[in-house]
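File shown: query27.txt (compact mmCIF, C-alpha atoms).
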```txt
# COMPACT_ATOMS: atom_id res chain seq x y z
CA MET A 1 -13.71 -1.80 12.99
CA THR A 2 -17.45 -2.65 12.69
CA LEU A 3 -17.63 -1.06 9.22
CA THR A 4 -14.53 -2.96 8.07
CA THR A 5 -15.98 -6.27 9.31
CA SER A 6 -19.29 -5.56 7.53
CA LEU A 7 -17.48 -4.88 4.25
CA GLN A 8 -15.54 -8.13 4.56
CA LYS A 9 -18.77 -10.10 5.11
CA ARG A 10 -20.43 -8.47 2.09
CA PHE A 11 -17.35 -9.22 0.01
CA VAL A 12 -17.51 -12.94 0.93
CA ILE A 13 -21.28 -13.10 0.25
CA ALA A 14 -20.83 -11.55 -3.19
CA ILE A 15 -18.17 -14.13 -4.10
CA ALA A 16 -20.45 -16.96 -2.88
CA MET A 17 -23.33 -15.67 -5.04
CA ILE A 18 -21.08 -15.68 -8.10
CA ALA A 19 -20.04 -19.25 -7.33
CA LEU A 20 -23.69 -20.38 -7.05
CA ILE A 21 -25.35 -18.39 -9.83
CA GLY A 22 -22.46 -18.46 -12.28
CA ASN A 23 -21.76 -22.16 -11.86
CA GLY A 24 -23.30 -22.98 -15.19
CA ILE A 25 -21.92 -19.88 -16.88
CA LEU A 26 -18.33 -20.10 -15.86
CA SER A 27 -18.13 -23.86 -16.39
CA ALA A 28 -16.97 -23.32 -19.97
CA LYS A 29 -14.45 -20.69 -20.96
CA THR A 30 -15.65 -17.93 -23.28
CA PRO A 31 -14.00 -18.33 -26.68
CA LYS A 32 -11.67 -15.52 -27.75
CA LYS A 33 -12.52 -15.96 -31.44
CA PHE A 34 -15.85 -16.81 -33.06
CA THR A 35 -16.95 -17.88 -36.57
CA ILE A 36 -20.40 -17.69 -38.19
CA GLU A 37 -21.20 -19.59 -41.39
CA GLY A 38 -24.29 -19.56 -43.63
CA ARG A 39 -25.77 -19.17 -47.14
CA VAL A 40 -27.49 -16.28 -48.88
CA LEU A 41 -30.39 -17.24 -51.24
CA ASP A 42 -32.61 -15.27 -53.58
CA GLU A 43 -36.41 -15.45 -53.77
CA ASN A 44 -36.18 -18.58 -55.98
CA GLY A 45 -33.96 -20.42 -53.47
CA ASP A 46 -30.79 -20.18 -55.51
CA GLY A 47 -27.43 -19.12 -54.04
CA VAL A 48 -26.53 -15.45 -54.54
CA ARG A 49 -23.00 -14.70 -55.66
CA LYS A 50 -21.09 -11.58 -54.50
CA ALA A 51 -23.64 -10.60 -51.88
CA GLU A 52 -22.10 -8.44 -49.13
CA VAL A 53 -22.53 -9.72 -45.57
CA GLU A 54 -21.94 -7.46 -42.57
CA LEU A 55 -21.89 -8.12 -38.80
CA PHE A 56 -23.00 -5.65 -36.10
CA PHE A 57 -22.82 -5.72 -32.29
CA ASP A 58 -24.53 -2.96 -30.29
CA GLY A 59 -24.92 -0.99 -33.51
CA GLU A 60 -21.22 -1.05 -34.35
CA PRO A 61 -19.62 -3.12 -37.15
CA LYS A 62 -17.37 -5.96 -36.02
CA LEU A 63 -15.65 -6.47 -39.40
CA LYS A 64 -13.25 -4.10 -41.12
CA LYS A 65 -15.08 -4.63 -44.45
CA PRO A 66 -18.07 -6.67 -45.66
CA VAL A 67 -17.55 -10.32 -46.65
CA SER A 68 -18.62 -11.45 -50.17
CA THR A 69 -20.38 -14.76 -50.79
CA ASN A 70 -18.99 -17.40 -53.19
CA LYS A 71 -20.72 -19.00 -56.21
CA LYS A 72 -23.06 -21.03 -54.03
CA GLY A 73 -23.92 -18.06 -51.80
CA ALA A 74 -21.92 -19.37 -48.81
CA PHE A 75 -20.07 -17.04 -46.46
CA SER A 76 -17.95 -17.24 -43.29
CA LEU A 77 -17.53 -14.43 -40.71
CA SER A 78 -14.67 -14.60 -38.19
CA TRP A 79 -13.61 -12.01 -35.62
CA LYS A 80 -11.50 -11.78 -32.48
CA LYS A 81 -12.27 -10.32 -29.01
CA PHE A 82 -15.60 -12.12 -28.93
CA LYS A 83 -18.21 -10.97 -26.40
CA PRO A 84 -21.43 -12.91 -25.67
CA GLY A 85 -24.62 -11.13 -26.71
CA ASP A 86 -26.99 -10.40 -29.60
CA TYR A 87 -25.42 -9.94 -33.06
CA THR A 88 -27.05 -8.62 -36.25
CA ILE A 89 -26.15 -10.15 -39.63
CA LYS A 90 -27.07 -8.10 -42.71
CA ALA A 91 -26.85 -9.44 -46.29
CA THR A 92 -27.14 -7.05 -49.26
CA HIS A 93 -27.20 -7.49 -53.05
CA GLU A 94 -27.87 -4.83 -55.67
CA GLU A 95 -30.40 -6.91 -57.64
CA ASP A 96 -31.79 -9.45 -55.16
CA GLY A 97 -32.39 -7.11 -52.17
CA THR A 98 -31.46 -7.39 -48.48
CA ASP A 99 -32.10 -9.47 -45.40
CA GLU A 100 -31.29 -9.12 -41.69
CA LEU A 101 -30.99 -11.74 -38.99
CA ILE A 102 -30.53 -11.29 -35.22
CA ILE A 103 -28.77 -14.17 -33.50
CA THR A 104 -27.93 -14.61 -29.81
CA LEU A 105 -24.43 -15.93 -29.18
CA THR A 106 -24.31 -16.94 -25.53
CA GLU A 107 -23.51 -20.17 -23.74
CA ASP A 108 -27.19 -20.68 -22.92
CA ALA A 109 -28.36 -20.11 -26.50
CA LEU A 110 -25.75 -22.33 -28.18
CA GLU A 111 -25.00 -25.99 -27.92
CA GLU A 112 -22.06 -27.02 -25.81
CA LYS A 113 -20.09 -28.17 -28.87
CA GLU A 114 -20.70 -24.87 -30.70
CA TRP A 115 -19.70 -22.82 -27.67
CA LYS A 116 -16.45 -24.70 -27.09
CA LYS A 117 -15.40 -24.52 -30.76
CA GLY A 118 -16.57 -20.91 -31.15
CA LYS A 119 -18.40 -21.74 -34.38
CA LYS A 120 -22.08 -21.45 -35.43
CA ASP A 121 -23.90 -22.34 -38.67
CA ILE A 122 -26.93 -20.05 -39.02
CA GLY A 123 -28.30 -21.81 -42.11
CA GLU A 124 -29.91 -19.83 -44.95
CA MET A 125 -30.76 -16.14 -45.38
CA SER A 126 -33.35 -15.22 -48.04
CA LEU A 127 -32.98 -11.90 -49.82
CA SER A 128 -36.07 -9.90 -50.79
CA THR A 129 -36.67 -6.78 -52.85
CA ALA A 130 -40.04 -6.04 -51.15
CA ALA A 131 -40.28 -2.74 -49.24
CA PRO A 132 -40.38 -3.04 -45.46
CA GLU A 133 -43.75 -2.87 -43.75
CA THR A 134 -44.99 0.50 -42.52
CA PRO A 135 -44.53 0.87 -38.76
CA LEU A 136 -47.60 0.60 -36.58
CA ALA A 137 -47.54 4.27 -35.63
CA ASP A 138 -47.59 5.36 -39.26
CA GLN A 139 -50.47 2.98 -40.08
CA SER A 140 -52.51 4.26 -37.17
CA GLN A 141 -52.03 7.79 -38.45
CA THR A 142 -53.11 6.69 -41.93
CA ILE A 143 -56.27 5.08 -40.58
CA GLU A 144 -57.16 8.20 -38.60
CA THR A 145 -56.60 10.42 -41.63
CA MET A 146 -58.78 8.27 -43.82
CA GLY A 147 -61.59 8.21 -41.29
CA VAL A 148 -61.66 11.92 -40.48
CA GLY A 149 -60.04 13.95 -43.21
CA SER A 150 -61.54 12.23 -46.31
CA ARG A 151 -64.31 9.97 -47.46
CA SER A 152 -62.65 6.95 -48.90
CA ASN A 153 -64.56 4.02 -50.29
CA ALA A 154 -61.69 1.64 -49.54
CA PRO A 155 -62.81 -1.20 -47.29
CA MET A 156 -61.25 -1.51 -43.83
CA SER A 157 -59.93 -4.96 -44.71
CA ALA A 158 -57.50 -3.32 -47.10
CA VAL A 159 -55.61 -1.81 -44.17
CA LYS A 160 -53.02 -4.31 -42.94
CA VAL A 161 -52.34 -4.37 -39.20
CA PRO A 162 -48.93 -5.82 -38.45
CA ASN A 163 -48.57 -8.79 -36.15
CA LEU A 164 -47.66 -7.41 -32.74
CA ALA A 165 -46.19 -10.70 -31.59
CA THR A 166 -43.32 -10.46 -34.08
CA ALA A 167 -42.55 -6.86 -33.08
CA VAL A 168 -41.80 -7.80 -29.46
CA PRO A 169 -38.18 -8.94 -29.06
CA LYS A 170 -37.90 -12.29 -27.35
CA THR A 171 -35.04 -11.43 -24.99
CA PRO A 172 -34.63 -12.10 -21.25
CA ALA A 173 -34.90 -8.38 -20.54
CA ALA A 174 -38.24 -8.18 -22.38
CA THR A 175 -39.68 -11.08 -20.40
CA GLY A 176 -38.69 -9.39 -17.14
CA VAL A 177 -36.10 -12.00 -16.13
CA PRO A 178 -32.48 -10.73 -16.05
CA SER A 179 -29.92 -12.90 -17.78
CA LYS A 180 -27.19 -14.71 -15.89
CA HIS A 181 -24.54 -12.58 -17.60
CA PHE A 182 -26.27 -9.46 -16.33
CA ILE A 183 -26.26 -10.82 -12.78
CA VAL A 184 -22.57 -11.73 -12.99
CA ASN A 185 -21.70 -8.25 -14.26
CA GLU A 186 -23.67 -6.62 -11.46
CA LEU A 187 -21.97 -8.78 -8.83
CA SER A 188 -18.55 -8.03 -10.32
CA PHE A 189 -19.28 -4.31 -10.12
CA GLU A 190 -20.40 -4.71 -6.50
CA ILE A 191 -17.16 -6.54 -5.63
CA LYS A 192 -15.08 -3.77 -7.20
CA ARG A 193 -17.01 -1.13 -5.27
CA LEU A 194 -16.57 -2.97 -1.97
CA SER A 195 -12.86 -3.44 -2.67
CA ALA A 196 -12.45 0.30 -3.27
CA GLU A 197 -14.29 1.11 -0.02
CA PHE A 198 -12.17 -1.41 1.87
CA LYS A 199 -8.93 0.16 0.55
CA HIS A 200 -10.19 3.63 1.44
CA LEU A 201 -11.01 2.60 5.03
CA ASN A 202 -7.63 0.88 5.35
CA GLN A 203 -5.91 4.09 4.26
CA GLU A 204 -7.88 6.15 6.79
CA LEU A 205 -7.01 3.66 9.55
CA ASN A 206 -3.30 3.88 8.70
CA ASP A 207 -3.50 7.69 8.78
CA LEU A 208 -5.08 7.60 12.25
CA LYS A 209 -2.38 5.23 13.48
CA ALA A 210 0.31 7.56 12.13
CA LEU A 211 -1.26 10.55 13.92
CA SER A 212 -1.54 8.71 17.23
CA LYS A 213 2.06 7.51 16.94
CA MET A 214 3.20 11.08 16.28
CA TRP A 215 1.60 12.33 19.51
CA VAL A 216 3.04 9.45 21.56
CA ASN A 217 6.56 9.92 20.20
CA PRO A 218 7.30 13.37 18.68
CA LEU A 219 10.62 12.07 17.28
CA THR A 220 8.66 10.26 14.57
CA MET A 221 8.02 13.72 13.07
CA TYR A 222 10.71 15.98 14.59
CA SER A 223 14.33 14.90 15.12
CA LYS A 224 15.64 17.93 17.03
CA GLU A 225 15.71 17.70 20.83
CA ILE A 226 16.44 21.08 22.42
CA ILE A 227 17.50 20.86 26.08
CA LEU A 228 17.00 24.09 28.08
CA LYS A 229 18.67 25.32 31.28
CA ASN A 230 15.46 24.99 33.29
CA GLY A 231 15.49 21.20 32.65
CA SER A 232 12.70 21.12 30.04
CA THR A 233 13.04 19.61 26.59
CA VAL A 234 11.52 20.87 23.33
CA PHE A 235 11.04 18.51 20.38
CA GLY A 236 10.69 20.24 17.03
CA LYS A 237 12.22 21.53 13.83
CA ILE A 238 14.39 24.64 13.75
CA VAL A 239 13.05 26.83 10.95
CA TYR A 240 15.09 29.96 11.77
CA GLN A 241 17.97 30.89 14.08
CA ASP A 242 20.34 33.75 14.71
CA ASP A 243 22.75 34.76 17.47
CA LYS A 244 19.89 35.68 19.85
CA SER A 245 16.98 33.28 19.38
CA LEU A 246 15.62 30.16 17.71
CA LYS A 247 12.27 29.69 15.96
CA VAL A 248 11.13 26.09 16.46
CA GLU A 249 8.19 24.32 14.81
CA THR A 250 6.52 21.97 17.33
CA LEU A 251 3.30 19.95 17.62
CA VAL A 252 1.61 22.86 19.40
CA GLY A 253 2.81 25.57 17.01
CA TYR A 254 5.87 27.81 16.64
CA LEU A 255 8.01 28.70 19.67
CA ILE A 256 10.64 31.43 20.04
CA VAL A 257 13.46 30.17 22.28
CA ASP A 258 16.19 32.42 23.70
CA ARG A 259 19.55 31.05 22.59
CA GLY A 260 21.02 31.85 25.99
CA GLN A 261 18.62 29.36 27.59
CA VAL A 262 19.72 26.47 25.35
CA VAL A 263 22.12 23.94 26.91
CA ARG A 264 22.51 21.80 23.80
CA ILE A 265 20.65 20.51 20.73
CA VAL A 266 20.56 16.79 19.98
CA ASP A 267 19.83 15.52 16.48
CA ASN A 268 18.08 12.16 16.89
CA VAL A 269 18.31 10.01 13.76
CA ILE A 270 15.28 7.73 13.35
CA SER A 271 16.26 4.24 12.25
CA GLU A 272 14.82 0.78 12.68
CA ASP A 273 15.73 -1.03 15.87
CA ARG A 274 17.97 -4.03 15.30
CA GLN A 275 18.39 -6.88 17.71
CA GLU A 276 21.90 -7.50 18.94
CA TYR A 277 23.41 -10.47 17.12
CA ILE A 278 24.81 -13.35 19.18
CA PRO A 279 26.28 -16.41 17.42
CA GLU A 280 23.97 -19.39 17.54
CA GLN A 281 26.68 -21.68 18.94
CA ILE A 282 26.97 -19.67 22.16
CA ARG A 283 23.51 -18.09 22.26
CA ASP A 284 22.25 -20.21 25.17
CA SER A 285 25.36 -20.00 27.32
CA TYR A 286 26.46 -16.43 26.53
CA THR A 287 26.88 -14.01 29.45
CA PRO A 288 28.75 -10.69 29.51
CA PRO A 289 32.33 -11.03 30.80
CA PRO A 290 32.65 -10.13 34.51
CA MET A 291 34.72 -7.23 35.74
CA PRO A 292 38.13 -8.26 37.14
CA LYS A 293 38.38 -8.47 40.91
CA LEU A 294 41.17 -6.35 42.29
CA ALA A 295 43.11 -7.23 45.39
CA GLN A 296 42.62 -5.04 48.42
CA PRO A 297 45.52 -2.59 48.95
CA LYS A 298 48.07 -3.57 51.56
CA TYR A 299 49.56 -0.89 53.81
CA THR A 300 53.18 -1.43 54.80
CA SER A 301 53.39 1.63 57.03
CA THR A 302 52.48 1.34 60.70
CA ASN A 303 51.06 4.86 60.58
CA ASN A 304 47.30 4.64 60.21
CA SER A 305 46.87 8.32 59.48
CA GLY A 306 46.91 7.67 55.77
CA ARG A 307 44.04 5.24 56.11
CA ASN A 308 41.91 7.76 57.94
CA THR A 309 42.25 10.47 55.34
CA PRO A 310 39.39 12.98 55.53
CA ALA A 311 36.81 12.96 52.76
CA LYS A 312 38.06 16.25 51.36
CA PHE A 313 41.34 14.52 50.38
CA SER A 314 39.59 11.69 48.49
CA ALA A 315 39.32 11.56 44.70
CA ASN A 316 36.54 13.59 43.06
CA CYS A 317 36.03 13.36 39.28
CA VAL A 318 33.80 15.87 37.49
CA LEU A 319 32.87 16.67 33.90
CA VAL A 320 34.73 19.55 32.28
CA GLY A 321 32.42 21.57 30.03
CA ASN A 322 29.73 19.75 28.05
CA ILE A 323 29.59 16.41 26.27
CA ALA A 324 30.00 16.91 22.52
CA GLU A 325 27.87 14.80 20.21
CA LYS A 326 28.55 14.15 16.52
CA LYS A 327 27.95 11.55 13.84
CA ASP A 328 30.40 9.92 11.46
CA THR A 329 29.88 8.92 7.82
CA GLN A 330 28.63 5.42 8.79
CA GLY A 331 25.83 6.83 10.95
CA ASN A 332 27.53 6.04 14.30
CA VAL A 333 26.99 8.57 17.10
CA ILE A 334 30.12 9.69 18.98
CA PHE A 335 30.07 11.31 22.44
CA GLU A 336 33.25 13.10 23.55
CA GLY A 337 34.22 14.95 26.71
CA GLU A 338 36.82 15.47 29.46
CA ILE A 339 36.94 14.45 33.12
CA LYS A 340 39.05 16.17 35.77
CA ASN A 341 40.04 14.84 39.18
CA ILE A 342 39.59 17.79 41.55
CA GLY A 343 40.13 15.65 44.67
CA GLY A 344 43.25 14.95 46.71
CA ARG A 345 43.80 11.28 45.82
CA ARG A 346 44.30 9.23 42.70
CA ALA A 347 41.15 7.93 40.96
CA ASP A 348 41.45 4.49 39.33
CA PHE A 349 39.31 2.96 36.60
CA VAL A 350 37.53 6.25 35.88
CA LYS A 351 34.52 5.54 33.73
CA VAL A 352 31.34 7.19 32.44
CA ASP A 353 28.11 5.15 32.39
CA PHE A 354 25.63 6.40 29.75
CA VAL A 355 22.00 5.41 30.31
CA PHE A 356 20.03 5.80 27.05
CA ARG A 357 16.25 6.15 26.99
CA LYS A 358 15.05 3.99 24.11
CA ASN A 359 11.38 5.01 24.05
CA TRP A 360 8.65 6.68 26.06
CA SER A 361 7.74 3.42 27.79
CA GLY A 362 10.83 3.56 30.04
CA GLU A 363 13.08 1.07 28.22
CA THR A 364 16.78 1.87 28.76
CA LYS A 365 20.18 0.60 27.69
CA THR A 366 23.54 1.30 29.32
CA LEU A 367 26.92 1.78 27.63
CA THR A 368 30.20 2.44 29.44
CA THR A 369 33.44 4.11 28.40
CA PHE A 370 36.69 4.64 30.36
CA ALA A 371 38.68 7.84 30.57
CA LYS A 372 42.13 7.99 29.00
CA GLY A 373 44.48 8.88 31.87
CA SER A 374 47.85 7.77 33.16
CA TYR A 375 49.11 4.17 33.34
CA ASN A 376 49.23 2.40 36.67
CA THR A 377 50.21 -1.16 37.63
CA PHE A 378 48.43 -2.71 40.59
CA GLU A 379 49.84 -5.37 42.95
CA SER A 380 47.68 -7.98 41.25
CA GLY A 381 49.56 -7.34 38.00
CA ILE A 382 46.68 -5.56 36.25
CA VAL A 383 47.72 -2.55 34.19
CA SER A 384 45.25 0.30 33.64
CA ASP A 385 45.44 3.55 31.70
CA ALA A 386 42.23 4.92 33.26
CA SER A 387 43.81 6.46 36.37
CA LEU A 388 43.67 10.19 37.08
CA LEU A 389 46.07 11.81 39.51
CA PRO A 390 44.85 14.79 41.56
CA GLY A 391 44.37 17.76 39.25
CA ALA A 392 44.82 15.63 36.10
CA THR A 393 42.41 15.63 33.15
CA GLY A 394 41.50 12.68 30.93
CA ALA A 395 39.45 12.56 27.75
CA PHE A 396 36.82 9.97 26.95
CA ASP A 397 34.79 9.03 23.88
CA LEU A 398 31.87 6.65 23.40
CA TYR A 399 30.92 5.15 20.03
CA VAL A 400 27.23 4.26 19.72
CA PRO A 401 26.91 2.02 16.64
CA GLN A 402 24.11 2.52 14.15
CA ASP A 403 22.54 -0.85 14.98
CA PHE A 404 22.13 0.28 18.61
CA GLY A 405 18.77 1.75 17.57
CA THR A 406 17.09 5.04 18.27
CA PHE A 407 17.00 6.79 21.64
CA ILE A 408 15.11 9.85 22.84
CA GLY A 409 17.63 11.02 25.44
CA TYR A 410 20.36 9.95 27.85
CA SER A 411 21.88 10.58 31.25
CA TYR A 412 25.38 9.83 32.56
CA VAL A 413 27.15 8.91 35.81
CA ILE A 414 30.89 9.30 36.47
CA ASP A 415 32.31 6.46 38.57
CA TRP A 416 35.78 5.55 39.83
CA GLU A 417 37.69 3.42 42.34
CA GLU A 418 40.33 4.39 44.90
CA TYR A 419 43.24 2.02 45.63
CA GLN A 420 45.75 4.49 47.09
```
Transcribe the structure of this file into structure tokens.
Amino acid sequence: MTLTTSLQKRFVIAIAMIALIGNGILSAKTPKKFTIEGRVLDENGDGVRKAEVELFFDGEPKLKKPVSTNKKGAFSLSWKKFKPGDYTIKATHEEDGTDELIITLTEDALEEKEWKKGKKDIGEMSLSTAAPETPLADQSQTIETMGVGSRSNAPMSAVKVPNLATAVPKTPAATGVPSKHFIVNELSFEIKRLSAEFKHLNQELNDLKALSKMWVNPLTMYSKEIILKNGSTVFGKIVYQDDKSLKVETLVGYLIVDRGQVVRIVDNVISEDRQEYIPEQIRDSYTPPPMPKLAQPKYTSTNNSGRNTPAKFSANCVLVGNIAEKKDTQGNVIFEGEIKNIGGRRADFVKVDFVFRKNWSGETKTLTTFAKGSYNTFESGIVSDASLLPGATGAFDLYVPQDFGTFIGYSYVIDWEEYQ
């Protein structure tokens, strides 16, 4: 978290530096198109017709083909995708010679009006047929050769030493002071680098959260819950099975489980928890409907022996076999099973209470379903089909809707009432 906070502070500082340093630069928008106008003259000062003018930026031509001057020697160069910087203009004529001019096209070097319009008049360019001066290195070599290798009577004043001041380019980089555009580019690069580091750290943090969540709740990675006879539960993925054993992939490796030790296998479907919807009109006053109160049974016989029936003759409802679990096409989970009354009295309102474990924090939800038995009418007038006579069997099924949410396991309790 300390590294993430440091990157955020550096990111804000870089943006503030751009706002302070680039205030003058970014005040005017860089033109997308630029135009340069001028005239090409010969050595006598007359306009040169059909002279070819070329434009270069960083050594590369910016025009598809050279532009020719008109009768008066005037020309106009226009190009798109303009970038501020130093441009080289070269004029050439077969008879009158050549000339080159370096011009800086930046917001600082141009007037505000020129920068906004994207147009600059460079004035006149004078062509010359004279050969270019010999570079200083070549002249130094010539002087050394004349002084050592031969005896020349030529005076030293005949050797021309070029003016060093004109050979030094007058640019911000040469004077040791970086330009404002250079600073802005460097700050932009730093912002991009910090953004990439910030995204990388965010990704690593999300990966760590996913790993920790996987260890807290294995169902985020494995959906199979294998319940064994010894009461333990294995969460994993079944990679191989036959009639004798199962090979299960778990968080701690692969396990071989004897099929005879497996009670059942639950396929937990991971879905997003959804809050139960209650209409807004009754949201504040809504309460679940209460269970109906049944009247106490009235005995008409004077013999009290029936009321003192031993416990072994009371109703006793048990589960027959296992509870089957399946899923329909809409994603609803269905639990099915059978209940048998092995006692000596009738069991009324036979029900199964399912307690679902929602997560590893202990949150639970309870759903109830009634067995389908025989019909019985009580003295209060209530009719029920959830009664089981002694030795009778009744089926039950519980629909768990998809919006109920995920659960990691469940337990059940069989309950009933006795009114006879």
Considering all atoms listed in the file, state which residue in the set A:Leu63, A:Ala74, A:Val333, A:Leu255 is at the smallest distance from Phe407 of chain A.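 The shortest atom-to-atom distance to Phe407 of chain A comes from A:Val333.
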Which of these residues is nearest to Gly45 of chain A, using all atoms listed in the file: A:Ser411, A:Ser126, A:Thr329, A:Gln241?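 So, comparing all the options, the nearest one is A:Ser126.
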Would you mind listing what lies within 9 Å of Ile342 of chain A as a ChimeraX atom specification, with only C-alpha atoms counted and same-chain residues fewer than 3 positions away left out? /A:315-318,345,390-392
Asp86 of chain A environment, 7 Å, all atoms listed in the file, sequence neighbours closer than 4 positions dropped, as a VMD selection string: chain A and resid 57 102 to 105
To one decimal place, how far is atom CA of Ala371 of chain A from atom CA of Val320 of chain A in Å? 12.5 Å
Interatomic distance between atom CA of Arg10 of chain A and atom CA of His200 of chain A?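 Interatomic distance here is 15.9 Å.
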Nearest to Glu363 of chain A among A:Val400, A:Ile408, A:Leu389, A:Val263, with distances taken over all atoms listed in the file: which residue is it? A:Ile408
Show me the residues around (19.9, 18.7, 15.3) - criterion: an atom at most 12 Å away, all atoms listed in the file counted - as a ChimeraX atom specification. /A:219,222-227,234-239,248,264-269,325-327
How about saving the chosen residues, C-alpha atoms kept, as a short mmCIF file (atom, residue, chain, number, x, y, z; two decimals), in the frame of the given file?
```
data_model
loop_
_atom_site.label_atom_id
_atom_site.label_comp_id
_atom_site.auth_asym_id
_atom_site.auth_seq_id
_atom_site.Cartn_x
_atom_site.Cartn_y
_atom_site.Cartn_z
CA LEU A 219 10.62 12.07 17.28
CA TYR A 222 10.71 15.98 14.59
CA SER A 223 14.33 14.90 15.12
CA LYS A 224 15.64 17.93 17.03
CA GLU A 225 15.71 17.70 20.83
CA ILE A 226 16.44 21.08 22.42
CA ILE A 227 17.50 20.86 26.08
CA VAL A 234 11.52 20.87 23.33
CA PHE A 235 11.04 18.51 20.38
CA GLY A 236 10.69 20.24 17.03
CA LYS A 237 12.22 21.53 13.83
CA ILE A 238 14.39 24.64 13.75
CA VAL A 239 13.05 26.83 10.95
CA VAL A 248 11.13 26.09 16.46
CA ARG A 264 22.51 21.80 23.80
CA ILE A 265 20.65 20.51 20.73
CA VAL A 266 20.56 16.79 19.98
CA ASP A 267 19.83 15.52 16.48
CA ASN A 268 18.08 12.16 16.89
CA VAL A 269 18.31 10.01 13.76
CA GLU A 325 27.87 14.80 20.21
CA LYS A 326 28.55 14.15 16.52
CA LYS A 327 27.95 11.55 13.84
#
```
Report the centre and edge lengths, in Å to one decimal, of an axis-aligned box enclosing every atom of segment 348-351 of chain A listed in the file, padded by 5 Å on each side, as JSON.
```
{"center_x": 38.0, "center_y": 4.6, "center_z": 36.5, "size_x": 16.9, "size_y": 13.3, "size_z": 15.6}
```
For His93 of chain A, find every residue with an atom within 10 Å (counting all atoms listed in the file), except residues of its own chain fewer than 2 positions away, and show them as JSON, numbers by chain. {"A": [40, 42, 48, 49, 50, 51, 52, 53, 68, 91, 95, 96, 97, 98, 99, 127, 128, 129]}
In Å, how far is it from atom CA of Glu37 of chain A to atom CA of Phe75 of chain A?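 Interatomic distance here is 5.8 Å.
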Would you mind listing what lies within 8 Å of segment 372-380 of chain A as number ranges by chain, with all atoms listed in the file counted and same-chain residues fewer than 3 positions away left out? A: 294-295, 297, 383-389, 392-396
Leu55 of chain A environment, 10 Å, all atoms listed in the file, sequence neighbours closer than 3 positions dropped, as a PyMOL selection string: chain A and resi 36+59-67+77-79+87-91+100-102
Closest to Asp46 of chain A among A:Asp348, A:Asp328, A:Glu124, A:Glu197, using only C-alpha atoms? A:Glu124
Rank A:Leu41, A:Thr69, A:Val355, A:Leu110 by their smallest atom-to-atom distance to Glu54 of chain A, using all atoms listed in the file, and report the top residue only. A:Thr69
